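Trainee: Here you go, this is entry-v3.cif (mmCIF, C-alpha atoms).
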data_run
#
loop_
_atom_site.group_PDB
_atom_site.id
_atom_site.type_symbol
_atom_site.label_atom_id
_atom_site.label_comp_id
_atom_site.auth_asym_id
_atom_site.auth_seq_id
_atom_site.Cartn_x
_atom_site.Cartn_y
_atom_site.Cartn_z
ATOM 1 C CA SER B 150 9.134 44.496 -5.775
ATOM 2 C CA LEU B 151 11.687 45.822 -3.322
ATOM 3 C CA PRO B 152 13.897 43.246 -1.627
ATOM 4 C CA LEU B 153 14.465 43.929 2.039
ATOM 5 C CA ALA B 154 17.308 42.468 4.050
ATOM 6 C CA VAL B 155 16.049 40.784 7.211
ATOM 7 C CA GLN B 156 18.395 40.505 10.140
ATOM 8 C CA GLN B 157 17.844 38.890 13.461
ATOM 9 C CA PRO B 158 17.950 41.492 16.241
ATOM 10 C CA VAL B 159 21.007 41.191 18.456
ATOM 11 C CA SER B 160 21.083 42.024 22.140
ATOM 12 C CA LEU B 161 24.562 41.982 23.664
ATOM 13 C CA GLU B 162 24.831 40.843 27.234
ATOM 14 C CA THR B 163 28.172 40.638 29.036
ATOM 15 C CA VAL B 164 28.542 38.584 32.172
ATOM 16 C CA SER B 165 31.744 37.837 34.055
ATOM 17 C CA THR B 166 32.738 35.904 37.123
ATOM 18 C CA SER B 167 35.966 35.055 38.868
ATOM 19 C CA GLY B 168 37.229 32.745 41.573
ATOM 20 C CA SER B 169 39.356 29.683 42.125
ATOM 21 C CA THR B 170 38.552 25.997 42.178
ATOM 22 C CA THR B 171 40.286 22.637 42.116
ATOM 23 C CA ALA B 172 37.220 20.787 40.838
ATOM 24 C CA ALA B 173 34.198 21.409 38.644
ATOM 25 C CA SER B 174 32.656 24.858 38.964
ATOM 26 C CA VAL B 175 29.277 26.200 37.860
ATOM 27 C CA ALA B 176 28.421 29.829 37.096
ATOM 28 C CA GLU B 177 24.802 30.712 36.369
ATOM 29 C CA MET B 178 23.776 33.274 33.771
ATOM 30 C CA VAL B 179 20.271 34.655 33.344
ATOM 31 C CA VAL B 180 19.149 34.626 29.709
ATOM 32 C CA PRO B 181 18.309 38.223 28.746
ATOM 33 C CA ALA B 182 14.735 39.026 27.787
ATOM 34 C CA PRO B 183 13.156 39.154 25.310
ATOM 35 C CA MET B 184 14.855 36.162 23.732
ATOM 36 C CA ALA B 185 13.138 33.945 21.185
ATOM 37 C CA PRO B 186 13.257 30.215 22.022
ATOM 38 C CA ASN B 187 15.962 28.224 20.219
ATOM 39 C CA SER B 188 17.804 31.371 19.103
ATOM 40 C CA GLY B 189 20.779 33.367 20.190
ATOM 41 C CA VAL B 190 24.521 32.823 20.375
ATOM 42 C CA LEU B 191 26.667 32.302 23.440
ATOM 43 C CA ARG B 192 30.355 33.219 23.275
ATOM 44 C CA LEU B 193 32.448 32.049 26.209
ATOM 45 C CA GLN B 194 35.932 33.321 26.992
ATOM 46 C CA LEU B 195 38.056 31.844 29.757
ATOM 47 C CA ALA B 196 41.236 33.181 31.336
ATOM 48 C CA SER B 197 43.289 31.603 34.083
ATOM 49 C CA SER B 198 43.631 34.935 35.845
ATOM 50 C CA ALA B 199 42.515 38.545 35.605
ATOM 51 C CA LEU B 200 46.247 39.242 35.300
ATOM 52 C CA VAL B 201 46.533 37.570 31.905
ATOM 53 C CA GLY B 202 48.617 39.805 29.626
ATOM 54 C CA ILE B 203 50.155 41.866 32.400
ATOM 55 C CA GLU B 204 53.656 40.568 31.655
ATOM 56 C CA THR B 205 54.191 43.100 28.858
ATOM 57 C CA ALA B 206 53.289 46.059 31.040
ATOM 58 C CA VAL B 207 55.482 44.758 33.861
ATOM 59 C CA GLN B 208 58.465 44.405 31.556
ATOM 60 C CA GLN B 209 57.975 47.898 30.147
ATOM 61 C CA VAL B 210 58.302 49.346 33.645
ATOM 62 C CA LEU B 211 61.398 47.279 34.414
ATOM 63 C CA ASP B 212 63.030 48.205 31.088
ATOM 64 C CA CYS B 213 62.353 51.941 31.449
ATOM 65 C CA ASN B 214 65.582 53.959 31.382
ATOM 66 C CA TYR B 215 64.055 57.137 32.810
ATOM 67 C CA VAL B 216 66.304 58.046 35.733
ATOM 68 C CA GLY B 217 63.899 59.926 38.018
ATOM 69 C CA LEU B 218 62.650 58.914 41.450
ATOM 70 C CA GLU B 219 59.167 57.963 40.238
ATOM 71 C CA THR B 220 60.595 55.364 37.836
ATOM 72 C CA PHE B 221 62.876 53.911 40.489
ATOM 73 C CA LEU B 222 60.003 53.562 42.974
ATOM 74 C CA SER B 223 57.694 52.056 40.352
ATOM 75 C CA GLN B 224 60.331 49.462 39.475
ATOM 76 C CA LEU B 225 60.615 48.534 43.161
ATOM 77 C CA ARG B 226 56.850 48.094 43.340
ATOM 78 C CA VAL B 227 56.827 45.923 40.212
ATOM 79 C CA ALA B 228 59.574 43.761 41.713
ATOM 80 C CA LEU B 229 57.436 43.414 44.834
ATOM 81 C CA ALA B 230 54.396 42.503 42.729
ATOM 82 C CA ASN B 231 56.453 39.890 40.858
ATOM 83 C CA ARG B 232 57.263 38.230 44.174
ATOM 84 C CA LYS B 233 53.556 38.071 44.964
ATOM 85 C CA PHE B 234 52.749 36.664 41.521
ATOM 86 C CA ALA B 235 55.365 33.954 42.081
ATOM 87 C CA GLN B 236 53.846 33.080 45.452
ATOM 88 C CA LEU B 237 50.457 32.693 43.782
ATOM 89 C CA GLY B 238 51.924 30.477 41.071
ATOM 90 C CA LEU B 239 51.198 33.010 38.330
ATOM 91 C CA ARG B 240 54.811 33.248 37.183
ATOM 92 C CA GLU B 241 58.216 31.707 37.734
ATOM 93 C CA GLU B 242 60.178 32.468 40.873
ATOM 94 C CA ALA B 243 61.032 36.145 41.269
ATOM 95 C CA ALA B 244 64.278 37.412 42.713
ATOM 96 C CA ASP B 245 64.283 38.859 46.210
ATOM 97 C CA ILE B 246 64.662 42.620 46.552
ATOM 98 C CA ASP B 247 68.147 43.548 47.703
ATOM 99 C CA PRO B 248 67.844 45.979 50.649
ATOM 100 C CA GLN B 249 71.117 47.581 49.529
ATOM 101 C CA LYS B 250 69.324 48.760 46.403
ATOM 102 C CA LEU B 251 67.183 51.038 48.569
ATOM 103 C CA ALA B 252 70.284 53.037 49.479
ATOM 104 C CA ARG B 253 69.903 54.788 46.142
ATOM 105 C CA LEU B 254 67.004 56.720 47.674
ATOM 106 C CA TYR B 255 69.541 58.828 49.574
ATOM 107 C CA GLU B 256 70.480 60.354 46.212
ATOM 108 C CA PHE B 257 67.001 61.890 46.060
ATOM 109 C CA ALA B 258 66.811 63.006 49.708
ATOM 110 C CA VAL B 259 66.823 66.763 50.284
ATOM 111 C CA ASP B 260 68.695 67.697 53.470
ATOM 112 C CA GLU B 261 67.284 64.587 55.156
ATOM 113 C CA LYS B 262 63.757 65.956 54.806
ATOM 114 C CA GLY B 263 61.708 64.853 51.811
ATOM 115 C CA TYR B 264 62.538 63.470 48.379
ATOM 116 C CA SER B 265 62.957 65.207 45.026
ATOM 117 C CA TRP B 266 62.200 64.279 41.431
ATOM 118 C CA TRP B 267 65.888 64.258 40.523
ATOM 119 C CA GLY B 268 69.040 63.467 42.447
ATOM 120 C CA GLN B 269 70.527 66.898 41.887
ATOM 121 C CA SER B 270 67.373 68.821 42.860
ATOM 122 C CA ARG B 271 67.300 70.680 46.161
ATOM 123 C CA GLN B 272 63.526 70.967 46.426
ATOM 124 C CA ALA B 273 61.510 68.068 47.808
ATOM 125 C CA ASP B 274 58.194 67.157 46.220
ATOM 126 C CA PRO B 275 55.150 66.304 48.399
ATOM 127 C CA TYR B 276 53.614 63.821 45.973
ATOM 128 C CA LEU B 277 56.790 61.836 45.358
ATOM 129 C CA THR B 278 57.690 61.942 49.051
ATOM 130 C CA ALA B 279 54.312 60.371 49.852
ATOM 131 C CA TYR B 280 54.873 57.851 47.041
ATOM 132 C CA THR B 281 58.248 57.017 48.564
ATOM 133 C CA LEU B 282 56.814 56.480 52.043
ATOM 134 C CA GLU B 283 53.994 54.302 50.678
ATOM 135 C CA THR B 284 56.524 52.197 48.725
ATOM 136 C CA LEU B 285 58.793 51.790 51.741
ATOM 137 C CA ALA B 286 55.838 50.790 53.917
ATOM 138 C CA ARG B 287 54.831 48.120 51.392
ATOM 139 C CA LEU B 288 58.378 46.779 51.188
ATOM 140 C CA LYS B 289 58.643 46.696 54.971
ATOM 141 C CA LYS B 290 55.322 44.857 55.270
ATOM 142 C CA ALA B 291 56.561 42.298 52.727
ATOM 143 C CA GLY B 292 59.577 41.535 54.881
ATOM 144 C CA VAL B 293 62.196 43.592 53.058
ATOM 145 C CA ALA B 294 64.727 45.216 55.403
ATOM 146 C CA VAL B 295 64.169 48.990 55.164
ATOM 147 C CA ASP B 296 66.503 51.544 56.736
ATOM 148 C CA ALA B 297 64.428 53.447 59.321
ATOM 149 C CA LYS B 298 66.180 56.676 58.330
ATOM 150 C CA LEU B 299 64.679 56.496 54.838
ATOM 151 C CA ILE B 300 61.229 56.398 56.413
ATOM 152 C CA ASP B 301 62.041 59.248 58.819
ATOM 153 C CA ILE B 302 63.130 61.470 55.912
ATOM 154 C CA ALA B 303 59.694 61.103 54.351
ATOM 155 C CA ARG B 304 57.707 61.290 57.598
ATOM 156 C CA SER B 305 59.302 64.504 58.846
ATOM 157 C CA TYR B 306 58.665 66.259 55.538
ATOM 158 C CA LEU B 307 55.067 65.088 55.169
ATOM 159 C CA LYS B 308 54.167 66.102 58.726
ATOM 160 C CA ASP B 309 55.387 69.637 58.035
ATOM 161 C CA PHE B 310 53.619 69.632 54.685
ATOM 162 C CA LEU B 311 50.260 68.784 56.252
ATOM 163 C CA ASN B 312 50.591 71.777 58.575
ATOM 164 C CA HIS B 313 51.879 74.214 55.933
ATOM 165 C CA PRO B 314 50.875 72.881 52.500
ATOM 166 C CA GLN B 315 51.195 76.165 50.612
ATOM 167 C CA GLU B 316 54.816 76.617 51.672
ATOM 168 C CA TYR B 317 55.749 73.345 49.975
ATOM 169 C CA SER B 318 53.645 73.536 46.818
ATOM 170 C CA ALA B 319 53.729 77.118 45.576
ATOM 171 C CA HIS B 320 53.859 76.031 41.915
ATOM 172 C CA SER B 321 51.057 73.465 42.055
ATOM 173 C CA ALA B 322 47.396 73.938 41.151
ATOM 174 C CA PRO B 323 44.875 73.932 44.049
ATOM 175 C CA ALA B 324 43.478 70.542 42.994
ATOM 176 C CA GLU B 325 46.982 69.066 43.000
ATOM 177 C CA VAL B 326 47.656 70.376 46.498
ATOM 178 C CA ARG B 327 44.475 68.684 47.747
ATOM 179 C CA VAL B 328 45.641 65.384 46.263
ATOM 180 C CA TYR B 329 49.065 65.869 47.868
ATOM 181 C CA ARG B 330 47.490 66.427 51.288
ATOM 182 C CA CYS B 331 45.285 63.340 51.165
ATOM 183 C CA PHE B 332 48.070 61.170 49.768
ATOM 184 C CA ALA B 333 50.450 62.444 52.451
ATOM 185 C CA LEU B 334 47.928 61.583 55.169
ATOM 186 C CA TYR B 335 47.409 58.096 53.748
ATOM 187 C CA ALA B 336 51.151 57.431 53.458
ATOM 188 C CA LEU B 337 51.689 58.589 57.044
ATOM 189 C CA SER B 338 48.830 56.390 58.259
ATOM 190 C CA LEU B 339 50.786 53.345 57.085
ATOM 191 C CA GLU B 340 53.383 54.104 59.771
ATOM 192 C CA GLN B 341 51.028 54.467 62.770
ATOM 193 C CA PHE B 342 50.376 58.185 62.431
ATOM 194 C CA ASP B 343 47.808 59.664 64.815
ATOM 195 C CA GLY B 344 46.249 62.105 62.367
ATOM 196 C CA LEU B 345 42.491 61.734 62.738
ATOM 197 C CA SER B 346 42.126 65.506 63.145
ATOM 198 C CA TYR B 347 43.686 65.974 59.686
ATOM 199 C CA PHE B 348 41.203 63.476 58.281
ATOM 200 C CA ASN B 349 38.265 65.343 59.816
ATOM 201 C CA ASN B 350 39.459 68.693 58.448
ATOM 202 C CA LEU B 351 39.862 67.319 54.943
ATOM 203 C CA TYR B 352 36.576 65.427 55.113
ATOM 204 C CA ARG B 353 34.642 68.591 55.972
ATOM 205 C CA ASN B 354 35.710 69.994 52.587
ATOM 206 C CA ARG B 355 35.458 66.706 50.697
ATOM 207 C CA LEU B 356 33.366 68.199 47.868
ATOM 208 C CA ASP B 357 36.378 70.348 46.951
ATOM 209 C CA LEU B 358 38.591 67.264 46.729
ATOM 210 C CA PRO B 359 39.240 65.495 43.431
ATOM 211 C CA LEU B 360 38.006 61.913 43.540
ATOM 212 C CA GLU B 361 41.578 60.655 43.546
ATOM 213 C CA ALA B 362 42.128 62.639 46.750
ATOM 214 C CA ARG B 363 38.987 61.090 48.246
ATOM 215 C CA CYS B 364 40.408 57.632 47.504
ATOM 216 C CA TYR B 365 43.489 58.445 49.548
ATOM 217 C CA LEU B 366 41.351 60.012 52.262
ATOM 218 C CA LEU B 367 39.213 56.869 52.469
ATOM 219 C CA LEU B 368 42.307 54.684 52.794
ATOM 220 C CA ALA B 369 43.728 56.975 55.468
ATOM 221 C CA GLY B 370 40.424 57.033 57.354
ATOM 222 C CA ARG B 371 40.255 53.249 57.432
ATOM 223 C CA ALA B 372 43.785 53.013 58.803
ATOM 224 C CA MET B 373 43.178 55.653 61.493
ATOM 225 C CA GLY B 374 39.748 54.513 62.643
ATOM 226 C CA ALA B 375 37.558 57.275 61.224
ATOM 227 C CA ALA B 376 33.797 57.223 61.779
ATOM 228 C CA ASP B 377 31.982 54.526 59.783
ATOM 229 C CA ASP B 378 29.435 57.037 58.467
ATOM 230 C CA ASP B 379 32.196 59.234 57.054
ATOM 231 C CA LEU B 380 33.881 56.266 55.389
ATOM 232 C CA LYS B 381 30.548 55.174 53.891
ATOM 233 C CA VAL B 382 30.047 58.613 52.346
ATOM 234 C CA LEU B 383 33.478 58.469 50.723
ATOM 235 C CA GLU B 384 32.784 54.964 49.433
ATOM 236 C CA ASP B 385 29.511 56.168 47.891
ATOM 237 C CA ASP B 386 31.321 59.077 46.223
ATOM 238 C CA LEU B 387 33.630 56.623 44.489
ATOM 239 C CA LEU B 388 30.893 54.199 43.482
ATOM 240 C CA GLN B 389 28.937 57.024 41.869
ATOM 241 C CA SER B 390 31.957 57.817 39.681
ATOM 242 C CA ALA B 391 31.936 54.344 38.094
ATOM 243 C CA LYS B 392 31.302 54.293 34.343
ATOM 244 C CA VAL B 393 29.728 50.977 33.328
ATOM 245 C CA GLU B 394 29.899 49.884 29.691
ATOM 246 C CA ALA B 395 28.871 46.711 27.882
ATOM 247 C CA SER B 396 32.033 44.764 28.655
ATOM 248 C CA THR B 397 33.932 46.818 31.196
ATOM 249 C CA CYS B 398 33.794 49.299 34.032
ATOM 250 C CA TYR B 399 36.126 52.160 34.902
ATOM 251 C CA PHE B 400 36.206 55.168 37.199
ATOM 252 C CA ARG B 401 36.396 58.798 36.129
ATOM 253 C CA ASP B 402 36.282 62.128 37.892
ATOM 254 C CA SER B 403 33.554 64.089 36.102
ATOM 255 C CA VAL B 404 35.102 67.419 37.166
ATOM 256 C CA THR B 405 38.084 68.451 35.071
ATOM 257 C CA ARG B 406 40.930 69.730 37.213
ATOM 258 C CA LYS B 407 44.582 70.430 36.569
ATOM 259 C CA THR B 408 46.398 67.490 38.169
ATOM 260 C CA GLY B 409 49.341 66.744 35.881
ATOM 261 C CA TRP B 410 51.902 66.475 38.671
ATOM 262 C CA THR B 411 49.970 63.591 40.236
ATOM 263 C CA PHE B 412 50.071 61.461 37.051
ATOM 264 C CA ALA B 413 46.266 61.593 36.933
ATOM 265 C CA SER B 414 44.440 59.340 34.453
ATOM 266 C CA ASP B 415 41.338 57.140 34.275
ATOM 267 C CA ASN B 416 43.577 54.060 34.458
ATOM 268 C CA LYS B 417 45.294 55.238 37.618
ATOM 269 C CA PHE B 418 42.046 56.324 39.259
ATOM 270 C CA THR B 419 40.383 52.995 38.399
ATOM 271 C CA ALA B 420 43.250 50.997 39.896
ATOM 272 C CA LEU B 421 43.224 53.180 42.996
ATOM 273 C CA ALA B 422 39.444 52.876 43.402
ATOM 274 C CA LEU B 423 39.597 49.100 43.095
#
How does this structure look as structure tokens?
Mentor:
Amino acid sequence: SLPLAVQQPVSLETVSTSGSTTAASVAEMVVPAPMAPNSGVLRLQLASSALVGIETAVQQVLDCNYVGLETFLSQLRVALANRKFAQLGLREEAADIDPQKLARLYEFAVDEKGYSWWGQSRQADPYLTAYTLETLARLKKAGVAVDAKLIDIARSYLKDFLNHPQEYSAHSAPAEVRVYRCFALYALSLEQFDGLSYFNNLYRNRLDLPLEARCYLLLAGRAMGAADDDLKVLEDDLLQSAKVEASTCYFRDSVTRKTGWTFASDNKFTALAL
């Protein structure tokens, strides 16, 4: 005789839900088929917030000793996020952002037109200038006092960049330049920029845009009142890039392009898409 090991077939099914409640809450789950009666195992995991475990990542950003502009801006954004977490009761009180700290941005300004990677550099960077303007707009919206001149330095550069992108990005790959342009348009749209014609020009060539660029273009289009049909197409482009697995979902651009200077990654693209 030949002994045979018999194992019960296992079908993994992952279901998640989120929300808030101050009383009892019920979430329904459909039992997957086929499922034999009186069999199966249910594992239930609960978390108080989707942000559980984020403290380590937040502290890593704050503790980073890298002295470039990107690190400084990211630390400002983390400080802003910490304030929001405190307001939601997800952490202890966070310190207010000192407006005087923003004065350090002048060290990265290039002849009052754009911002550079390093304080001693004399060449402004389109991506980091857009990142600066987006950060300043978020701080301003949160009630932090922002020197208008800091915003003007970014705006004047990005407006010129949109009209003459190749003059400002001679050493960047074509895919990177397309991301720069869409990010620049989005950042400008946060400060009441009338740039719908730029949106339409970029949208006409949307299939040449990396998906990250289309994210920025969608955000810019929403802010500037682009046509609903155009926005729906961009939304569909992003949804089709979703990669669904058993217990998670992420977004990935299926076309490989050189985009190192935009800090491209699946993690970044997923956060941006969400």
Trainee: What's the separation between CA of Ala273 in chain B and CA of Leu307 in chain B, in Å to one decimal place?
Mentor: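 That distance, rounded to one decimal, is 10.2 Å.
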Trainee: Considering all atoms listed in the file, state which residue in the set B:Ala303, B:Leu337, B:Ala206, B:Cys331 is at the smallest distance from Arg355 in chain B.
Mentor: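 Of B:Ala303, B:Leu337, B:Ala206, B:Cys331, the one nearest Arg355 in chain B is B:Cys331, counting all atoms listed in the file.
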Trainee: Identify, on the basis of all atoms listed in the file, every residue whose closest approach to range 209-218 of chain B does not exceed 9 Å; exclude the query and any residue fewer than 2 positions from it along the same chain; express the result as a list in words.
Mentor: Glu204, Thr205, Ala206, Val207, Thr220, Phe221, Leu222, Ser223, Gln224, Leu225, Val227, Ala228, Leu254, Phe257, Tyr264, Ser265, Trp266, Trp267, Gly268, Leu277 and Thr281 of chain B
Trainee: Distance CA of Asp247 in chain B-CA of Arg226 in chain B, one decimal place?
Mentor: 12.9 Å
Trainee: Using all atoms listed in the file, which residue out of B:Tyr276, B:Tyr365, B:Phe234, B:Phe412 lies closest to Ser318 in chain B?
Mentor: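 Of all the options, B:Tyr276 lies closest to Ser318 in chain B.
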Trainee: For this file, the PyMOL selection byres ((chain B and resi 292) around 12) selects which residues, as an MDAnalysis selection string?
Mentor: chainID B and resid 229 232 245:248 285:291 293:295
